[in-house]
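A quick write-up on the structure given underneath.
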Amino acid sequence: MIALLVRDIRLAMRAGGGFGLGLAFFLIAVMLVPFGVGPEGGLLGTIAPGILWIAALLACLLSLDRIFTLDYEDGTLDLLATSPLPMEGVVAMKALAHWLTTGLPLTIAAPVLGLLLNLPESAYYWLVVTFLLGTPALSFIGTFGAALTVGVKRGGLLLSLLVLPLYIPSLTFGAEALRRGAEGMANTVPLLMLAGITLGTIALLPFVAAQAIRINLR
Amino acid sequence: MSIWEYANPKKFMETTARFMPWLVGLTAVTLIPGLAWGYFFTPEAENFGSSVKIIYIHVPSATIAINAWIMMLVASLIWLVRRHHVSALAAKAAAPVGLTMTLIALITGAVWGQPMWGTWWAWDPRLTSFLVLFIFYLGYMALWEAIENPDTAADLTAILCIVGSVFALLSRYAVMFWPQGLHQGASLSMDRAEHVADVYYWPLVLSLIGFGLLFLTLVLYRTRTEVRARRLKALEARERMA
């Protein structure tokens with residue numbers, strides 16, 4: 001399992017692996033907002049939590065169809081399916097590798113972009129906390145979506161249609177916890193809900209996604 | 001004699017063929033009087049004017065929109081557990097009907113909201129969850145379209161339906177965190193004291209039954225079409241083999 005994780009991370013880090021691409025997209029998506037709504041600091045500061053969350057979500061989406069498609073096309077996935085490793089483990093490792101190469105870098109980059117958006121000072125701590133708690137769910141839900149659409153040719157657009165609605169609860173709770181934290185309000189409840197969704201997806205979705213992969217390989 | 005006998009496509013087709021005319025008739029005698037009663041023979045409400053009458057489309061279509069998804073969920077589970085093709089096809093057949101009902105509920109709601117709330121749309125928890133439901137229907141139908149092998153498609157959409165249900169519920173509770181919006185509480189409940197006044201009650205119940213029957217009729221028709229399409233495909237495949 002560790003070998004698979006290392007392999008996936010290496011593949012993602014190589015040129016064309018989409019590691020830098022997601023981050024660059026995050027940067028550009030956030031950077032476009034001031035062009036769209038104007039450079040007023042106050043307005044930007046208020047909408048910054050939502051913008052950062054939405055941009056992270058979209059950046060996450062970009063690299064999803066790489067999780068299984070290439071392995072499916074060159075037969076690696078068949079090999080993994082016949083190996084002694086359970087498919088659930090494969091899926092979980094794939095999702096973890098995806099998080100380590102997108103969610104984690106996004107979390108590290110987010111405060112810098114928060115600076116660009118004039119995010120209030122009190123919010124940086126909560127920004128990192130909500131991202132750390134929330135982005136694993138994005139990777140695990142995304143892996144499930146990728147497992148569903150792995151057999152579909154050019155399934156990228158379909159994948160976003162399927163996955164984005166599933167991101168709504170994480171997005172709502174994440175942005176709400178961040179907003180409340182930034183304003184100094186109590187945000188334990190949305191924070192707990194966010195963490196609960198993340199833990200739930202980590203615990204359950206690998207099983208569902210593995211089933212979807214098996215159906216696709218049939 | 002068990003309900004599973006109707007999982008046999010042939011038996012299903014024979015039985016529904018006998019029921020269909022009755023079902024259509026029953027839909028007509030509940031839906032048309034229900035709507036007519038609601039529209040022409042109820043007084044105008046205080047403060048609301050005649051706009052209150054949109055309730056006879058809005059509430060039933062919204063009810064069906066949610067229940068259609070639940071029906072798809074049950075049919076998907078039956079397909080995954082017992083592998084009855086009719087069940088998978090019924091789930092597939094229900095999706096466009098549910099989508100249309102969701103759309104009707106959203107549009108009639110907007111038409112009602114414009115004069116009453118002064119806005120076509122508000123990010124109210126109820127409205128938002130319906131929009132989310134709408135998107136779930138779209139995704140479900142898109143996945144059916146995208147996969148060629150019918151059994152694979154049935155399996156994967158069933159999985160999506162189950163996971164989607166969980167997330168749809170989660171979204172429903174997530175948006176409750178927002179400040180409570182403009183939409184009023186439930187129009188109907190077992191506790192008669194809470195809901196709409198008596199003059200509006202019975203036509204509404206009749207419309208609800210009518211919409212329910214309409215849903216059943218449409219889904220059965222569509223399922224029959226799907227079964228026939230599947231048979232046609234099998235025949236074509238056999239022809240090519242010969």
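Every chain in the structure tokens has a letter given in the order shown (A, B, ...), and although residue numbers restart at 1 in each chain, ligands are simply numbered from 1 in the order shown.
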| Skipping near chain neighbours, those fewer than 3 positions away, what residues fall within 9 Å of A:Ala109 using only C-alpha atoms, listed as a PyMOL selection string? | chain A and resi 23+26-27+104-106+112-114
Write the residues of the preceding selection, restricted to N, CA and C atoms, as a short mmCIF file (atom, residue, chain, number, x, y, z; two decimals), in the first residue's frame.
```
data_model
loop_
_atom_site.label_atom_id
_atom_site.label_comp_id
_atom_site.auth_asym_id
_atom_site.auth_seq_id
_atom_site.Cartn_x
_atom_site.Cartn_y
_atom_site.Cartn_z
N LEU A 23 -2.50 23.96 -8.16
CA LEU A 23 -2.10 25.13 -7.38
C LEU A 23 -2.19 26.40 -8.22
N PHE A 26 -5.71 27.42 -8.60
CA PHE A 26 -6.16 28.04 -7.36
C PHE A 26 -5.77 29.51 -7.33
N LEU A 27 -4.50 29.76 -7.65
CA LEU A 27 -3.98 31.13 -7.67
C LEU A 27 -4.77 31.99 -8.64
N LEU A 104 -3.33 19.27 0.53
CA LEU A 104 -2.30 19.79 1.44
C LEU A 104 -1.61 21.04 0.87
N PRO A 105 -1.14 20.99 -0.39
CA PRO A 105 -0.56 22.22 -0.96
C PRO A 105 -1.54 23.38 -0.96
N LEU A 106 -2.81 23.09 -1.24
CA LEU A 106 -3.81 24.16 -1.23
C LEU A 106 -3.91 24.78 0.16
N VAL A 112 -1.56 32.67 1.91
CA VAL A 112 -0.93 33.67 1.04
C VAL A 112 -1.99 34.34 0.17
N LEU A 113 -2.90 33.50 -0.36
CA LEU A 113 -3.95 34.04 -1.21
C LEU A 113 -4.97 34.82 -0.39
N GLY A 114 -5.13 34.42 0.88
CA GLY A 114 -5.98 35.19 1.77
C GLY A 114 -5.48 36.61 1.90
#
```
If we count only C-alpha atoms, what is near stretch 123-126 of chain A at a cut-off of 12 Å, once residues fewer than 6 positions away on the same chain are taken out, given as a PDB file with N, CA and C atoms, in the first residue's frame?
```pdb
ATOM      1  N   GLY A  45     -12.658  41.455   1.634  1.00  0.00           N
ATOM      2  CA  GLY A  45     -12.434  40.800   2.924  1.00  0.00           C
ATOM      3  C   GLY A  45     -13.645  39.987   3.353  1.00  0.00           C
ATOM      4  N   THR A  46     -14.873  40.537   3.092  1.00  0.00           N
ATOM      5  CA  THR A  46     -16.072  39.812   3.530  1.00  0.00           C
ATOM      6  C   THR A  46     -16.307  38.554   2.696  1.00  0.00           C
ATOM      7  N   ALA A  48     -14.018  36.895   1.028  1.00  0.00           N
ATOM      8  CA  ALA A  48     -12.811  36.068   0.883  1.00  0.00           C
ATOM      9  C   ALA A  48     -12.991  34.625   1.366  1.00  0.00           C
ATOM     10  N   PRO A  49     -13.639  34.366   2.541  1.00  0.00           N
ATOM     11  CA  PRO A  49     -13.766  32.962   2.972  1.00  0.00           C
ATOM     12  C   PRO A  49     -14.445  32.097   1.917  1.00  0.00           C
ATOM     13  N   LEU A  52     -12.207  31.631  -1.270  1.00  0.00           N
ATOM     14  CA  LEU A  52     -11.100  30.692  -1.084  1.00  0.00           C
ATOM     15  C   LEU A  52     -11.608  29.259  -1.111  1.00  0.00           C
ATOM     16  N   THR A 107      -3.875  23.931   1.182  1.00  0.00           N
ATOM     17  CA  THR A 107      -3.957  24.438   2.551  1.00  0.00           C
ATOM     18  C   THR A 107      -2.781  25.351   2.856  1.00  0.00           C
ATOM     19  N   ILE A 108      -1.603  24.955   2.366  1.00  0.00           N
ATOM     20  CA  ILE A 108      -0.416  25.759   2.638  1.00  0.00           C
ATOM     21  C   ILE A 108      -0.455  27.064   1.855  1.00  0.00           C
ATOM     22  N   ALA A 109      -1.015  27.003   0.634  1.00  0.00           N
ATOM     23  CA  ALA A 109      -1.019  28.199  -0.202  1.00  0.00           C
ATOM     24  C   ALA A 109      -2.135  29.165   0.181  1.00  0.00           C
ATOM     25  N   ALA A 110      -3.189  28.636   0.838  1.00  0.00           N
ATOM     26  CA  ALA A 110      -4.370  29.455   1.089  1.00  0.00           C
ATOM     27  C   ALA A 110      -4.103  30.747   1.866  1.00  0.00           C
ATOM     28  N   PRO A 111      -3.291  30.714   2.952  1.00  0.00           N
ATOM     29  CA  PRO A 111      -3.076  31.964   3.683  1.00  0.00           C
ATOM     30  C   PRO A 111      -2.468  33.059   2.814  1.00  0.00           C
ATOM     31  N   VAL A 112      -1.556  32.673   1.908  1.00  0.00           N
ATOM     32  CA  VAL A 112      -0.930  33.673   1.040  1.00  0.00           C
ATOM     33  C   VAL A 112      -1.992  34.338   0.167  1.00  0.00           C
ATOM     34  N   LEU A 113      -2.898  33.498  -0.364  1.00  0.00           N
ATOM     35  CA  LEU A 113      -3.950  34.045  -1.212  1.00  0.00           C
ATOM     36  C   LEU A 113      -4.968  34.825  -0.389  1.00  0.00           C
ATOM     37  N   GLY A 114      -5.125  34.420   0.878  1.00  0.00           N
ATOM     38  CA  GLY A 114      -5.985  35.187   1.772  1.00  0.00           C
ATOM     39  C   GLY A 114      -5.475  36.612   1.897  1.00  0.00           C
ATOM     40  N   LEU A 115      -4.165  36.744   1.930  1.00  0.00           N
ATOM     41  CA  LEU A 115      -3.525  38.059   1.990  1.00  0.00           C
ATOM     42  C   LEU A 115      -3.943  38.908   0.798  1.00  0.00           C
ATOM     43  N   LEU A 117      -6.596  38.703  -0.847  1.00  0.00           N
ATOM     44  CA  LEU A 117      -8.029  39.027  -0.804  1.00  0.00           C
ATOM     45  C   LEU A 117      -8.379  39.882   0.400  1.00  0.00           C
ATOM     46  N   LEU A 132      -7.692  22.137   6.527  1.00  0.00           N
ATOM     47  CA  LEU A 132      -7.140  20.843   6.943  1.00  0.00           C
ATOM     48  C   LEU A 132      -8.258  19.847   7.215  1.00  0.00           C
ATOM     49  N   LEU A 133      -9.338  20.335   7.836  1.00  0.00           N
ATOM     50  CA  LEU A 133     -10.440  19.437   8.168  1.00  0.00           C
ATOM     51  C   LEU A 133     -11.284  19.098   6.954  1.00  0.00           C
ATOM     52  N   GLY A 134     -11.390  20.034   6.010  1.00  0.00           N
ATOM     53  CA  GLY A 134     -12.352  19.869   4.927  1.00  0.00           C
ATOM     54  C   GLY A 134     -11.807  19.255   3.656  1.00  0.00           C
ATOM     55  N   GLY A 174     -17.664  24.365   5.720  1.00  0.00           N
ATOM     56  CA  GLY A 174     -16.314  24.918   5.740  1.00  0.00           C
ATOM     57  C   GLY A 174     -16.325  26.430   5.684  1.00  0.00           C
ATOM     58  N   ALA A 175     -17.068  26.970   4.724  1.00  0.00           N
ATOM     59  CA  ALA A 175     -17.103  28.415   4.573  1.00  0.00           C
ATOM     60  C   ALA A 175     -17.789  29.072   5.760  1.00  0.00           C
ATOM     61  N   GLU A 176     -18.825  28.390   6.296  1.00  0.00           N
ATOM     62  CA  GLU A 176     -19.547  28.954   7.440  1.00  0.00           C
ATOM     63  C   GLU A 176     -18.657  28.992   8.681  1.00  0.00           C
ATOM     64  N   ALA A 177     -17.914  27.887   8.906  1.00  0.00           N
ATOM     65  CA  ALA A 177     -17.016  27.850  10.062  1.00  0.00           C
ATOM     66  C   ALA A 177     -15.953  28.934   9.938  1.00  0.00           C
ATOM     67  N   LEU A 178     -15.430  29.091   8.724  1.00  0.00           N
ATOM     68  CA  LEU A 178     -14.393  30.086   8.491  1.00  0.00           C
ATOM     69  C   LEU A 178     -14.951  31.496   8.701  1.00  0.00           C
ATOM     70  N   ARG A 179     -16.159  31.748   8.170  1.00  0.00           N
ATOM     71  CA  ARG A 179     -16.759  33.077   8.288  1.00  0.00           C
ATOM     72  C   ARG A 179     -17.010  33.426   9.750  1.00  0.00           C
ATOM     73  N   ARG A 180     -17.593  32.441  10.467  1.00  0.00           N
ATOM     74  CA  ARG A 180     -17.889  32.704  11.877  1.00  0.00           C
ATOM     75  C   ARG A 180     -16.601  32.908  12.666  1.00  0.00           C
ATOM     76  N   GLY A 181     -15.576  32.087  12.350  1.00  0.00           N
ATOM     77  CA  GLY A 181     -14.310  32.221  13.043  1.00  0.00           C
ATOM     78  C   GLY A 181     -13.699  33.591  12.803  1.00  0.00           C
ATOM     79  N   ALA A 182     -13.807  34.064  11.537  1.00  0.00           N
ATOM     80  CA  ALA A 182     -13.213  35.342  11.189  1.00  0.00           C
ATOM     81  C   ALA A 182     -13.907  36.476  11.929  1.00  0.00           C
ATOM     82  N   GLU A 183     -15.218  36.311  12.169  1.00  0.00           N
ATOM     83  CA  GLU A 183     -15.952  37.370  12.851  1.00  0.00           C
ATOM     84  C   GLU A 183     -15.927  37.197  14.361  1.00  0.00           C
ATOM     85  N   GLY A 184     -15.179  36.189  14.832  1.00  0.00           N
ATOM     86  CA  GLY A 184     -15.055  35.996  16.259  1.00  0.00           C
ATOM     87  C   GLY A 184     -16.255  35.333  16.897  1.00  0.00           C
ATOM     88  N   MET A 185     -17.141  34.752  16.084  1.00  0.00           N
ATOM     89  CA  MET A 185     -18.305  34.078  16.646  1.00  0.00           C
ATOM     90  C   MET A 185     -17.958  32.624  16.969  1.00  0.00           C
ATOM     91  N   ALA A 186     -18.836  31.964  17.749  1.00  0.00           N
ATOM     92  CA  ALA A 186     -18.614  30.548  18.059  1.00  0.00           C
ATOM     93  C   ALA A 186     -18.823  29.730  16.790  1.00  0.00           C
ATOM     94  N   ASN A 187     -17.857  28.888  16.442  1.00  0.00           N
ATOM     95  CA  ASN A 187     -18.004  28.107  15.207  1.00  0.00           C
ATOM     96  C   ASN A 187     -17.766  26.627  15.438  1.00  0.00           C
ATOM     97  N   THR A 188     -17.969  26.185  16.668  1.00  0.00           N
ATOM     98  CA  THR A 188     -17.692  24.775  16.960  1.00  0.00           C
ATOM     99  C   THR A 188     -18.604  23.853  16.159  1.00  0.00           C
ATOM    100  N   PRO A 190     -20.403  24.141  13.132  1.00  0.00           N
ATOM    101  CA  PRO A 190     -20.032  23.866  11.736  1.00  0.00           C
ATOM    102  C   PRO A 190     -18.685  23.165  11.607  1.00  0.00           C
ATOM    103  N   LEU A 191     -17.773  23.490  12.508  1.00  0.00           N
ATOM    104  CA  LEU A 191     -16.454  22.855  12.468  1.00  0.00           C
ATOM    105  C   LEU A 191     -16.577  21.355  12.723  1.00  0.00           C
TER     106      LEU A 191
END
```
| Using only C-alpha atoms, which residues sit within 9 Å of stretch 107-116 of chain B once same-chain residues fewer than 5 positions away are excluded, as a ChimeraX atom specification? | /B:48,51-52,54-55,57-58,102,121-122,127
| task | With a distance cut-off of 9 Å and only C-alpha atoms, select the neighbouring residues of stretch 8-19 of chain B, excluding the residue or stretch itself and same-chain residues fewer than 3 positions from it, and output the selection as a list in words. | result |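 My reading of the contact set: Trp4, Glu5, Trp22, Leu23, Val24, His84, His85, Val86, Leu220, Tyr221, Arg224 and Val227 of chain B.
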| Selection near B:Ala93, 6 Å with only C-alpha atoms, sequence-local residues under 6 positions removed, as a VMD selection string | chain B and resid 219 222 to 223
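Using only C-alpha atoms for every distance, the candidate list A:Leu11, A:Val91, A:Ala29, A:Val128 yields A:Val91 as the residue closest to A:Val208.
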| Residues of chain B within 7 Å of chain A, only C-alpha atoms counted, as a list in words | Val132, Ile135, Phe136, Gly139, Ala146, Ile147, Thr152, Leu156, Phe167, Leu170, Ser171 and Ala174 of chain B
Restricting the output to C-alpha atoms, write the selected residues as a CSV table (one decimal), in the first residue's frame.
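The resulting part_16.csv:
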```csv
chain,number,residue,atom,x,y,z
B,132,VAL,CA,-29.7,20.9,-5.1
B,135,ILE,CA,-28.9,19.1,-9.9
B,136,PHE,CA,-28.8,15.6,-8.4
B,139,GLY,CA,-26.3,14.2,-12.6
B,146,ALA,CA,-23.0,8.3,-20.5
B,147,ILE,CA,-22.5,4.5,-19.9
B,152,THR,CA,-23.0,-1.3,-15.7
B,156,LEU,CA,-23.4,2.7,-11.1
B,167,PHE,CA,-25.4,14.0,0.5
B,170,LEU,CA,-26.6,16.5,4.4
B,171,SER,CA,-27.0,19.6,2.2
B,174,ALA,CA,-26.2,22.2,6.0
```
